[in-house]
Amino acid sequence: MSAPDPAPPARLRVVAGGSYADWESVYADNVVAVYRLVFRQVGNRPDAEDLAEEVFLAALPRLKLPAPVASVRSYLGATARTVVADHWRRHYAAPPAAPLPEDVTVAMPEPAAGDGGRATRLLARLPERFRQILELRFLRGLSVRQAAAEMGVTAGNARVLQHRALRRAAELSEDGE
Amino acid sequence: MRPDRRVGRFVEDLLRNRRPRRFRATPEELAAMRAAAELRSARLGADLPDPVFVDRLGRRLREELSGEPRDRSLTRRRLLLGAGTAAAAAVAGGAAGIAGDRALAGAGSRELVPGGATWQPVLAAAAVAPGRAVRFSTDAVEGFVVNRDGQYRAYSATCTHLGCLLHEAAGGRLACPCHRTTFGLDGSVLEHELPQAPAPLPWLHTRVRDGQVEVLTV
């Protein structure tokens, strides 16, 4: 949480002395960031809402307040990481989260952004056809059929292309930004 | 079903903001699905929460965290029992100002014997009628003492799902307010609405001395 936002929404407020006095300020100051962190890892609203709720229900009772902003945020980030990993493990048989090294904190996204920066950069690094199919689907929200028509291929081809594009995006994402 | 079909259906659900269907995914499918989840936030503002949700959760938390007398102890230091969430997150929280786990039994164990523990009186035995559970708090643990036919045993009072505090409900049950899970007076799970049954409640070594119920804790 480095650069201050030039025009923070009213909901977000500067916390005096860099610490949170009560859970209400923890919630008000972090709910957007926690939701974004979770949404980026599950990609749909119903799951993101459930998991963000789980994060706060698990973390807030355990906070001993007042506490420094940085340590509360890293605690929320670590809780979110565990909750999301558990979601993927339970529902899609993903391997459990590796233990977090003690000196590592989980970065929280800037609460005010919502600019899709990371995902947009990921798209930009893909080969042309892969980028195109994913942009038509994820940015413009076209159906497979519409996207296929736009690209001049069959719907079947568009589906295969989309799958390959996602596999490539996954490889790029693993390599880091 | 072919892998690209299952991933394709997952993508369709994401794009329509529906809860995707669950299935056992291969590592390759998982990688593609995670990439799809991330790409969903490429659209401007797609990853911002609905204000209605933010308000609703805020009210929900207020009910959970303030108000009820039995929840006053929420600000106290307590044992967090068995919840994977807490165990992992405590690593990050342990350093500064956050009550983390203190000397816990490992995952999978139901018996809590913290290192450096001593016997501490928590309740008068007479205060716990047969077939009842009575709440107690120490600096380290939130628990219930249960009297089953004159046998006393202390159980953790935090739900093994996400650590919400349980309360005694009618019919000899301990109920979780967060996800409607209930436990029996022997710590077993009676009802739950979760995808997987949570673990039974951990218990502490318990004895009665001079009319006092004592538990072994730090």
# chains A, B, ... in the order shown; residues from 1 in each chain; ligands from 1
call {"tool": "interface_residues", "arguments": {"of": "chain A", "to": "chain B", "cutoff": "7 Å", "atoms": "only C-alpha atoms", "output": "PyMOL selection string"}}
result
chain A and resi 32+35-36+39-47+53+58+61-65+67+71+74-75+78-79+82-83+91-93+99+102+105+114-117+119-120+138-139+160+163+166-167+169-170
call {"tool": "residues_around", "arguments": {"residues": "Asn147 of chain B", "least_positions_apart": "3", "cutoff": "6 Å", "atoms": "only C-alpha atoms", "output": "list in words"}}
result
Pro130, Gly131, Arg132, Gly150, Gln151 and Tyr152 of chain B
call {"tool": "atom_distance", "arguments": {"atom1": "atom CA of Arg73 of chain A", "atom2": "atom CA of Phe56 of chain A"}}
result
11.6 Å
call {"tool": "atom_distance", "arguments": {"atom1": "atom CA of Asp29 of chain A", "atom2": "atom CA of Val69 of chain A"}}
result
9.6 Å
call {"tool": "select_by_dssp", "arguments": {"residues": "segment 12-176 of chain A", "states": "helix (DSSP H, G or I)", "output": "number ranges by chain"}}
result
A: 16-18, 23-42, 45-62, 69-92, 117-124, 128-139, 144-151, 155-175
call {"tool": "closest_residue", "arguments": {"among": "B:Ala124, B:His179, B:Asp139, B:Gly187", "to": "Glu54 of chain A", "atoms": "only C-alpha atoms"}}
result
B:His179
call {"tool": "residues_around", "arguments": {"residues": "Gly143 of chain B", "least_positions_apart": "5", "cutoff": "10 Å", "atoms": "only C-alpha atoms", "output": "PyMOL selection string"}}
result
chain B and resi 78-79+122+133-138+154-158+165-166+202-204+215
call {"tool": "write_last_selection", "arguments": {"atoms": "C-alpha atoms", "output": "mmCIF file, in the first residue's frame"}}
result
data_model
loop_
_atom_site.group_PDB
_atom_site.id
_atom_site.type_symbol
_atom_site.label_atom_id
_atom_site.label_comp_id
_atom_site.auth_asym_id
_atom_site.auth_seq_id
_atom_site.Cartn_x
_atom_site.Cartn_y
_atom_site.Cartn_z
ATOM 1 C CA ARG B 78 -8.047 -17.354 22.885
ATOM 2 C CA LEU B 79 -7.013 -20.647 21.465
ATOM 3 C CA VAL B 122 -12.992 -22.681 35.292
ATOM 4 C CA ALA B 133 -23.006 -27.197 28.507
ATOM 5 C CA VAL B 134 -21.779 -24.052 30.277
ATOM 6 C CA ARG B 135 -19.420 -21.522 28.775
ATOM 7 C CA PHE B 136 -16.118 -20.611 30.363
ATOM 8 C CA SER B 137 -13.187 -18.407 29.347
ATOM 9 C CA THR B 138 -9.578 -18.419 30.368
ATOM 10 C CA ALA B 154 -14.270 -29.317 28.442
ATOM 11 C CA TYR B 155 -14.588 -28.686 24.718
ATOM 12 C CA SER B 156 -13.432 -25.823 22.587
ATOM 13 C CA ALA B 157 -16.177 -23.256 22.000
ATOM 14 C CA THR B 158 -14.890 -22.173 18.605
ATOM 15 C CA LEU B 165 -17.990 -18.819 18.797
ATOM 16 C CA LEU B 166 -20.574 -21.502 19.499
ATOM 17 C CA PRO B 202 -11.358 -30.600 20.213
ATOM 18 C CA TRP B 203 -11.460 -31.262 23.939
ATOM 19 C CA LEU B 204 -9.199 -30.451 26.853
ATOM 20 C CA VAL B 215 -8.937 -27.843 32.655
#
call {"tool": "residues_around", "arguments": {"residues": "Phe183 of chain B", "least_positions_apart": "5", "cutoff": "10 Å", "atoms": "only C-alpha atoms", "output": "JSON, numbers by chain"}}
result
{"B": [159, 166, 168, 169, 172, 173, 174, 175, 176, 188, 189, 190, 191, 192, 198, 199, 200, 201]}
call {"tool": "atom_distance", "arguments": {"atom1": "atom CA of Leu136 of chain A", "atom2": "atom CA of Ser173 of chain A"}}
result
19.6 Å
